[in-house]
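Presented below is the structure to which this report refers.
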Amino acid sequence: MLPLLKRGEVLCSIQRMSVAPIAITGMGCICAAGRNLPDSMEAILRGERNPAPPVRFASNHPVRYPVFEAAEFEAPPDLLRTSAFGLHAVREAVADAGLDRKTMGALRVGVCVGTTVGTVLSEETFCRGYLAGLIPDMTPIRRILRGNPADVIAREFGLSGPRQTVVTACASGTDAVGIAGSWIRAGLCDAAIAGGADELGRITYIGFISLMITDDSPCKPFDKHRKGLNLGEGAAMLVLASERVLRRSGMRARSFLLGYGSAGDAYHQTAPQPDGAGLRSAISEAMATSGVSSDSVAFVNAHGTGTPDNDRVESRVLHDMLPGIPFLSTKGYTGHTLGAAGAIEAVFTAACLEIGKIPANAGFETPDPDIANTPVREVTTVQGTVALSESLAFGGNNSVVVLGKA
Amino acid sequence: MSGMDQIVIEGVGGVGGFGCGVSDLTRALTGSACSPGTLALSTESGTVTIPAFRADVSRLEEFLPVRTLRRIDHFSRLGLLGSYLALADANLPEEERTRLGIIIASGYGATGMTYAFLKSLIDDGDICASPTCFASSVHNSAAAHISIQLGAKGPNLTVSDYHMSVPSALATARIWLAEERVQRVLFGAIDELSDLIGYIRYRTRGALPAAPMTPLRTEMETSIPGEGAAFLLLAREGAARGGYCTLDASTTGSLPFPGLPFPEPGLLVLGADGCRASGRRYAAVAQNARVACYTPLYGSMPAGPAFDLAAAALILKGGRVFPTPGGAFRDFPATVPAGGDPVGADRIACITLAGNEAYGLTTLGRLNSL
């Protein structure tokens, strides 16, 4: 096990120097909490959450597990819902950044998007037809093959930079943001659209139920009586830009991407390593690259799914590495949006830094004696200029971004 | 990324329709017969057998106990075998494995498990859907198995950009090394030919005859689906202890033709895979260049560009071009060197085209002594 850290110390198994901050010039979001970032922030600060059994699809499972659907959002018929979520969030982020298509056309803009279902050939109607010996309609398969989220965004905005769709399960959105930052620093592009998008459908819903990690009531991250996660859907996107582009384009920095770290557990396909060694390495690398000390950290937006294992491991790592620093999970307001989660939580984190407040950790009521620390229970004023957003994923992926106030 | 150390391809590992490992790949490239096998598909008109380059993963038992493999699906077995072959080829000491970064590129992911999960819920109902299949169907399942078996605790990434997966993921691998996140990246591309993928291929391209692939004959559809894994162990120059060649650049983008930024390579390895729709684009790109194409040895799949890179690495190490299976065709507007010809320059570029405009371009260079 890695040594415990005192506050202010930074452990990094991989020796990294701090890297140049990347400006975040625009943000967009759609999820169960709201159709855009301001609405979502208002809702979560009011403590609103509305998990309910799914209405967009049916299941004959006897238990109706609550989910967080993005109400009243309809994707065009020729577009994957995942990619439609992505485009919706990009439009908000680009408008927020004050970018127009002409300006974007003059820049080399990359697109890096995390997803779990956006590139998967998982189409139930097609498979039912195939298994029944029929000639299933190929339209849904073509929609998937044309719907790679990064491609869809690049095509829609005529972007000429690198494109990448990251599929590191629930860490995808965080990884996409971190990778896009590296692209800009390395000169692969001038600016980037980065984030995550995922739709909720029957296959995912039944899959998570089969794993027995879903809660049949509204999720309760870090609570003693937590039983699992509630699934959600949505997207969030950030416009990232180099300092040079910032000066040239007239955009302003809303916040900064200061650091990024990721590490594998090398332990299990679906369970986190009990001592959280991978998460510790990811936090250490993210802090080292950000060049800030833990004294500057105002809060941590934790992964906090509400599964017994995740919350136990994550809270233990936070207790050891960032003791006394307020933390929360926002999944009580959005559900677990899988490949979108890291991006949604990154924009929430940046927005919270801007306003100096974090919402209560929805669903938390009873402290767990197995957990040494407790998340924030009410809307809390935070001080400090830096915050962390972290993701843990199937496959043992752990990813962390460090965000800074402009 | 100016001023960074060079990146060296230290080891190559691959399994595909040509066989398993560098020796089988070299044998196939030098002209040994490499015939496709078959894939039997259930269709509305009964069982249809299509030609297919299948990969045999039985050699994985040389590296892992059978018991460990029991619950690992074919997609991840392909990745594990590719990994172990590349590490063995580079002779990387066991203790160095824990510090590896891992990057996997896959066009379609674990489609066998995706299909198995769907079948379980269709056949057995929502309440009895298979959790094992669901957990194994995620795109990063192979990367997870590799990291677990190797004890590799560095950064771990899986990328899925269909036919652009390899050049896209390679660009990020180069950045990880340039940033000194890690000293080495185990880079691999994996695609499996599951029933689901086979059937989709059958529906989109029909039941093609079992004739050899002739990708430079652009007026014909001759693609044969393939599966496999091609892995490269990449190292920063300072850490490398030898190897095949340097990995100089990997870019993706969208450009109208002509206008690709070729670095005047001695040889252009085309990712043309017998698909008529993209064949004409390859012909336009290759105009007047010296080209080679090795896809007839492993078939058509999104992971194919990684096999192209493996072939290019072997060429740069040996200094001689391998023959293009099937040779040149009269109407193809490029020079196709014969087997054994000198490379002619210090660089080889590998190009992949997809859709109407997308391209991926990876450049390898001759390795001077380290």
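By order in the structure tokens, chains are A, B, ...; within a chain, residues start at 1; ligands start at 1, following the order shown.
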Problem - Residues flagged strand (DSSP E or B) by DSSP in range 81-317 of chain B, as number ranges by chain - result: B: 101-105, 156-159, 184-191, 225-226, 228-236, 245-254, 267-270, 290-292, 300
Practice task
Would you kindly return, as a list of chain:residue names, each protein, DNA or RNA residue with an atom no farther than 10 Å from any atom of Ser278 in chain B, considering only C-alpha atoms and excluding same-chain residues fewer than 6 positions away?
Solution key: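 The contact residues come out as B:Pro215, B:Thr218, B:Glu221, B:Gly271, B:Ala272, B:Thr352, B:Leu353, B:Ala354, B:Gly355, B:Asn356.
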Export, as a short mmCIF file (atom, residue, chain, number, x, y, z; two decimals), in the first residue's frame, the selected residues with N, CA and C atoms.
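Dumped to selection_18.cif:
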```
data_model
loop_
_atom_site.label_atom_id
_atom_site.label_comp_id
_atom_site.auth_asym_id
_atom_site.auth_seq_id
_atom_site.Cartn_x
_atom_site.Cartn_y
_atom_site.Cartn_z
N PRO B 215 -6.47 -5.63 -53.25
CA PRO B 215 -6.87 -4.26 -52.92
C PRO B 215 -6.40 -3.21 -53.91
N THR B 218 -8.85 -1.63 -57.94
CA THR B 218 -9.84 -0.81 -57.25
C THR B 218 -11.25 -0.89 -57.82
N GLU B 221 -14.73 -5.27 -55.63
CA GLU B 221 -14.85 -5.48 -54.19
C GLU B 221 -14.25 -6.85 -53.88
N GLY B 271 -3.39 1.12 -46.50
CA GLY B 271 -4.33 0.31 -45.72
C GLY B 271 -5.49 -0.18 -46.55
N ALA B 272 -5.39 -0.07 -47.86
CA ALA B 272 -6.49 -0.49 -48.75
C ALA B 272 -6.84 -1.94 -48.46
N THR B 352 -4.17 5.28 -43.78
CA THR B 352 -5.49 4.68 -43.64
C THR B 352 -6.52 5.71 -44.07
N LEU B 353 -7.46 5.30 -44.87
CA LEU B 353 -8.52 6.20 -45.30
C LEU B 353 -9.87 5.63 -44.86
N ALA B 354 -10.79 6.50 -44.53
CA ALA B 354 -12.12 6.04 -44.16
C ALA B 354 -13.13 7.11 -44.53
N GLY B 355 -14.31 6.67 -44.91
CA GLY B 355 -15.37 7.62 -45.26
C GLY B 355 -14.96 8.44 -46.47
N ASN B 356 -15.48 9.64 -46.54
CA ASN B 356 -15.21 10.48 -47.70
C ASN B 356 -13.97 11.33 -47.56
#
```
Handout entry: Within 8 Å of chain A: residues of chain B, using only C-alpha atoms, as number ranges by chain
Key = B: 1, 42-44, 108-109, 111, 114-115, 118-119, 122, 125-131, 134-135, 138-141, 143-145, 147-162, 165, 168-169, 172, 175, 180-182, 251-255
If you count only C-alpha atoms, which residues fall within 10 Å of Glu10 in chain B, apart from same-chain ones fewer than 4 positions away, as a PDB file with C-alpha atoms, in the first residue's frame?
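Result file follows (out-v7.pdb):
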```pdb
ATOM      1  CA  ALA B  86       5.268  -8.008 -28.207  1.00  0.00           C
ATOM      2  CA  LEU B  87       6.805  -8.062 -24.726  1.00  0.00           C
ATOM      3  CA  ASP B  89       9.819  -9.959 -28.769  1.00  0.00           C
ATOM      4  CA  ALA B  90      11.296  -6.951 -26.978  1.00  0.00           C
ATOM      5  CA  ASN B  91      12.613  -9.147 -24.194  1.00  0.00           C
ATOM      6  CA  LEU B  92      11.206  -6.727 -21.641  1.00  0.00           C
ATOM      7  CA  ARG B 184       6.997   2.750 -22.409  1.00  0.00           C
ATOM      8  CA  LEU B 186       2.216  -1.130 -24.842  1.00  0.00           C
ATOM      9  CA  LEU B 232       3.830  -2.578 -30.600  1.00  0.00           C
ATOM     10  CA  LEU B 233       5.968  -1.908 -27.558  1.00  0.00           C
ATOM     11  CA  LEU B 234       6.850   1.782 -27.790  1.00  0.00           C
ATOM     12  CA  ALA B 235       9.655   3.303 -25.762  1.00  0.00           C
ATOM     13  CA  ARG B 236      11.282   6.664 -25.335  1.00  0.00           C
ATOM     14  CA  GLU B 237      14.650   6.632 -27.048  1.00  0.00           C
ATOM     15  CA  ALA B 239      14.758   3.916 -22.337  1.00  0.00           C
ATOM     16  CA  ALA B 240      14.865   1.715 -25.427  1.00  0.00           C
ATOM     17  CA  ARG B 241      17.371  -1.093 -25.674  1.00  0.00           C
ATOM     18  CA  GLY B 242      17.129  -1.654 -29.379  1.00  0.00           C
ATOM     19  CA  GLY B 243      14.216  -2.297 -31.644  1.00  0.00           C
ATOM     20  CA  TYR B 244      12.874  -2.042 -35.145  1.00  0.00           C
ATOM     21  CA  CYS B 245      12.455   1.594 -36.078  1.00  0.00           C
ATOM     22  CA  THR B 246      11.283   4.954 -34.824  1.00  0.00           C
ATOM     23  CA  ALA B 313       8.690  -1.998 -38.848  1.00  0.00           C
TER      24      ALA B 313
END
```
Problem - Contacts of Gly266 in chain B within 8 Å, only C-alpha atoms, excl. fewer than 5 positions in-chain, as a list in words - result: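 The residues satisfying every condition are Arg290, Val343, Gly344, Ala345, Asp346, Arg347 and Ile348 of chain B.
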Problem - Separation of CA of Val8 in chain B from CA of Thr324 in chain B in Å - result: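 Between CA of Thr324 in chain B and CA of Val8 in chain B the gap works out to 25.4 Å.
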Exercise for the section: Might you pull out every residue within 8 Å of Gly226 in chain B, with only C-alpha atoms counted and same-chain residues fewer than 2 positions away left off, and present them as an MDAnalysis selection string? Expected result: chainID B and resid 16:17 52:54 192:193 224 228 298:301
Keeping C-alpha atoms, export the residues of the selection given above as a PDB file, in the first residue's frame.
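Now in result_33.pdb:
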```pdb
ATOM      1  CA  GLY B  16      -4.123 -12.956 -37.178  1.00  0.00           C
ATOM      2  CA  GLY B  17      -5.002 -14.903 -40.280  1.00  0.00           C
ATOM      3  CA  ALA B  52     -12.536 -14.948 -43.295  1.00  0.00           C
ATOM      4  CA  PHE B  53      -9.086 -14.527 -41.780  1.00  0.00           C
ATOM      5  CA  ARG B  54      -9.490 -16.059 -38.330  1.00  0.00           C
ATOM      6  CA  GLU B 192     -12.627  -9.827 -33.391  1.00  0.00           C
ATOM      7  CA  LEU B 193     -14.738 -11.402 -36.106  1.00  0.00           C
ATOM      8  CA  ILE B 224     -12.262 -10.521 -46.845  1.00  0.00           C
ATOM      9  CA  GLY B 228      -6.589 -10.294 -34.860  1.00  0.00           C
ATOM     10  CA  TYR B 298      -4.647 -10.446 -42.492  1.00  0.00           C
ATOM     11  CA  GLY B 299      -7.898  -9.241 -44.029  1.00  0.00           C
ATOM     12  CA  SER B 300     -10.129  -6.262 -43.627  1.00  0.00           C
ATOM     13  CA  MET B 301     -10.716  -4.928 -40.112  1.00  0.00           C
TER      14      MET B 301
END
```
Handout entry: Thr295 in chain B surroundings by only C-alpha atoms, 12 Å radius, close-in-sequence under 5 positions cut, as a count of residues only
Key = 44
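The two atoms in question, CA of Pro221 in chain A and CA of Ser284 in chain A, are spaced 23.7 Å apart.
We find CA of Asn301 in chain A and CA of Ala142 in chain B to be spaced 28.7 Å apart.
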Could you give me, as a tab-separated table, every range 118-228 of chain A residue with an atom at most 10 Å from range 26-45 of chain A, plus its closest atom pair and distance in Å to one decimal, counting only C-alpha atoms, rows ordered by chain then number?
```
residue	atom	partner	partner_atom	distance
A:Ile193	CA	A:Gly26	CA	9.3
A:Ala194	CA	A:Met27	CA	9.7
A:Gly195	CA	A:Gly28	CA	9.4
A:Gly196	CA	A:Cys29	CA	9.7
A:Ala197	CA	A:Ile30	CA	9.3
A:Asp198	CA	A:Cys31	CA	9.9
A:Glu199	CA	A:Cys31	CA	9.9
```
Those residues with C-alpha atoms, as a short mmCIF file (atom, residue, chain, number, x, y, z; two decimals), in the first residue's frame please?
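Contents of the output file result_37.cif:
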```
data_model
loop_
_atom_site.label_atom_id
_atom_site.label_comp_id
_atom_site.auth_asym_id
_atom_site.auth_seq_id
_atom_site.Cartn_x
_atom_site.Cartn_y
_atom_site.Cartn_z
CA ILE A 193 -13.96 20.38 -27.73
CA ALA A 194 -13.78 17.76 -25.01
CA GLY A 195 -16.28 15.97 -22.85
CA GLY A 196 -18.50 12.97 -22.66
CA ALA A 197 -21.90 11.74 -23.81
CA ASP A 198 -24.02 8.70 -23.09
CA GLU A 199 -27.63 7.73 -23.55
#
```
Exercise for the section: May I ask which of the residues A:Ala97, A:Leu403, A:Ala302, A:Leu79 is the closest one to Tyr260 in chain A, counting only C-alpha atoms? Expected result: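 Smallest separation from Tyr260 in chain A among the options: A:Leu403.
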Exercise for the section: Please provide the set of residues having any atom within 10 Å of range 363-380 of chain A, restricted to only C-alpha atoms, with same-chain residues fewer than 5 positions apart removed, written as a ChimeraX atom specification. Expected result: /A:44-47,49,218-226,299-302,304,306,311-316,318-320,323-333,356-358
Take the selection from the previous step and output its residues with N, CA and C atoms, as a tab-separated table (two decimals), in the first residue's frame.
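And here is the file that came out, selection12.tsv:
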```tsv
chain	number	residue	atom	x	y	z
A	44	ILE	N	-29.40	21.69	-8.86
A	44	ILE	CA	-28.68	20.91	-7.84
A	44	ILE	C	-28.42	21.74	-6.58
A	45	LEU	N	-28.30	23.04	-6.75
A	45	LEU	CA	-28.12	23.88	-5.56
A	45	LEU	C	-29.44	24.01	-4.78
A	46	ARG	N	-30.56	23.82	-5.48
A	46	ARG	CA	-31.86	23.79	-4.78
A	46	ARG	C	-32.11	22.42	-4.15
A	47	GLY	N	-31.28	21.46	-4.51
A	47	GLY	CA	-31.44	20.11	-3.95
A	47	GLY	C	-32.47	19.27	-4.68
A	49	ARG	N	-34.04	16.61	-7.15
A	49	ARG	CA	-33.69	15.41	-7.92
A	49	ARG	C	-34.95	14.59	-8.15
A	218	PRO	N	-33.85	5.81	-4.69
A	218	PRO	CA	-32.90	6.86	-5.08
A	218	PRO	C	-31.52	6.65	-4.43
A	219	CYS	N	-30.49	6.80	-5.23
A	219	CYS	CA	-29.15	6.43	-4.77
A	219	CYS	C	-28.69	7.30	-3.59
A	220	LYS	N	-27.80	6.72	-2.79
A	220	LYS	CA	-27.38	7.37	-1.54
A	220	LYS	C	-25.86	7.32	-1.42
A	221	PRO	N	-25.14	8.07	-2.25
A	221	PRO	CA	-23.68	8.00	-2.21
A	221	PRO	C	-23.12	8.26	-0.80
A	222	PHE	N	-22.23	7.41	-0.38
A	222	PHE	CA	-21.50	7.49	0.89
A	222	PHE	C	-22.36	7.24	2.13
A	223	ASP	N	-23.63	6.94	1.95
A	223	ASP	CA	-24.51	6.69	3.09
A	223	ASP	C	-24.33	5.25	3.59
A	224	LYS	N	-24.58	5.04	4.85
A	224	LYS	CA	-24.47	3.70	5.43
A	224	LYS	C	-25.39	2.70	4.71
A	225	HIS	N	-26.56	3.17	4.28
A	225	HIS	CA	-27.54	2.26	3.69
A	225	HIS	C	-27.53	2.27	2.17
A	226	ARG	N	-26.45	2.73	1.59
A	226	ARG	CA	-26.36	2.77	0.12
A	226	ARG	C	-26.42	1.34	-0.42
A	299	PHE	N	-12.46	21.73	-2.79
A	299	PHE	CA	-13.35	20.58	-2.62
A	299	PHE	C	-13.02	19.52	-3.66
A	300	VAL	N	-13.59	18.37	-3.45
A	300	VAL	CA	-13.44	17.27	-4.40
A	300	VAL	C	-14.82	16.83	-4.85
A	301	ASN	N	-15.02	16.81	-6.16
A	301	ASN	CA	-16.25	16.21	-6.71
A	301	ASN	C	-15.93	14.73	-6.94
A	302	ALA	N	-16.38	13.90	-6.03
A	302	ALA	CA	-16.00	12.49	-6.05
A	302	ALA	C	-16.81	11.72	-7.08
A	304	GLY	N	-18.29	8.80	-6.37
A	304	GLY	CA	-19.46	8.58	-5.51
A	304	GLY	C	-20.67	7.97	-6.18
A	306	GLY	N	-22.47	5.42	-5.14
A	306	GLY	CA	-23.46	4.83	-4.24
A	306	GLY	C	-23.35	3.32	-4.14
A	311	ASP	N	-17.70	3.57	-2.91
A	311	ASP	CA	-17.71	4.66	-1.93
A	311	ASP	C	-16.74	4.37	-0.77
A	312	ARG	N	-16.62	3.09	-0.42
A	312	ARG	CA	-15.69	2.74	0.66
A	312	ARG	C	-14.25	3.06	0.24
A	313	VAL	N	-13.89	2.62	-0.97
A	313	VAL	CA	-12.51	2.83	-1.44
A	313	VAL	C	-12.23	4.31	-1.65
A	314	GLU	N	-13.15	4.98	-2.29
A	314	GLU	CA	-12.92	6.38	-2.65
A	314	GLU	C	-12.81	7.26	-1.39
A	315	SER	N	-13.70	7.03	-0.44
A	315	SER	CA	-13.67	7.87	0.77
A	315	SER	C	-12.39	7.60	1.57
A	316	ARG	N	-11.93	6.35	1.53
A	316	ARG	CA	-10.70	6.03	2.26
A	316	ARG	C	-9.51	6.78	1.63
A	318	LEU	N	-9.63	9.54	-0.13
A	318	LEU	CA	-9.77	10.98	0.14
A	318	LEU	C	-9.39	11.30	1.59
A	319	HIS	N	-9.78	10.44	2.48
A	319	HIS	CA	-9.43	10.65	3.89
A	319	HIS	C	-7.92	10.65	4.08
A	320	ASP	N	-7.24	9.75	3.37
A	320	ASP	CA	-5.78	9.64	3.51
A	320	ASP	C	-5.04	10.77	2.80
A	323	PRO	N	-7.20	15.00	3.55
A	323	PRO	CA	-8.01	15.01	4.77
A	323	PRO	C	-8.60	16.38	5.05
A	324	GLY	N	-9.84	16.37	5.46
A	324	GLY	CA	-10.49	17.62	5.85
A	324	GLY	C	-11.02	18.43	4.70
A	325	ILE	N	-10.74	18.03	3.48
A	325	ILE	CA	-11.21	18.80	2.34
A	325	ILE	C	-12.65	18.36	2.01
A	326	PRO	N	-13.57	19.30	1.90
A	326	PRO	CA	-14.96	18.91	1.63
A	326	PRO	C	-15.07	18.11	0.33
A	327	PHE	N	-15.93	17.11	0.35
A	327	PHE	CA	-16.16	16.34	-0.87
A	327	PHE	C	-17.65	16.02	-0.99
A	328	LEU	N	-18.04	15.72	-2.21
A	328	LEU	CA	-19.44	15.38	-2.48
A	328	LEU	C	-19.51	14.55	-3.74
A	329	SER	N	-20.64	13.90	-3.91
A	329	SER	CA	-20.97	13.28	-5.19
A	329	SER	C	-22.19	13.99	-5.74
A	330	THR	N	-22.16	14.31	-7.03
A	330	THR	CA	-23.35	14.94	-7.64
A	330	THR	C	-24.23	13.90	-8.34
A	331	LYS	N	-23.88	12.62	-8.20
A	331	LYS	CA	-24.68	11.59	-8.89
A	331	LYS	C	-26.08	11.45	-8.30
A	332	GLY	N	-26.27	11.96	-7.10
A	332	GLY	CA	-27.61	11.96	-6.54
A	332	GLY	C	-28.56	12.87	-7.30
A	333	TYR	N	-28.03	13.74	-8.15
A	333	TYR	CA	-28.86	14.66	-8.95
A	333	TYR	C	-28.96	14.25	-10.42
A	356	GLY	N	-18.43	29.66	-5.84
A	356	GLY	CA	-17.94	29.51	-4.46
A	356	GLY	C	-18.84	28.69	-3.57
A	357	LYS	N	-19.67	27.85	-4.17
A	357	LYS	CA	-20.58	27.02	-3.38
A	357	LYS	C	-20.65	25.62	-3.97
A	358	ILE	N	-20.84	24.65	-3.11
A	358	ILE	CA	-21.09	23.29	-3.62
A	358	ILE	C	-22.42	22.80	-3.06
```
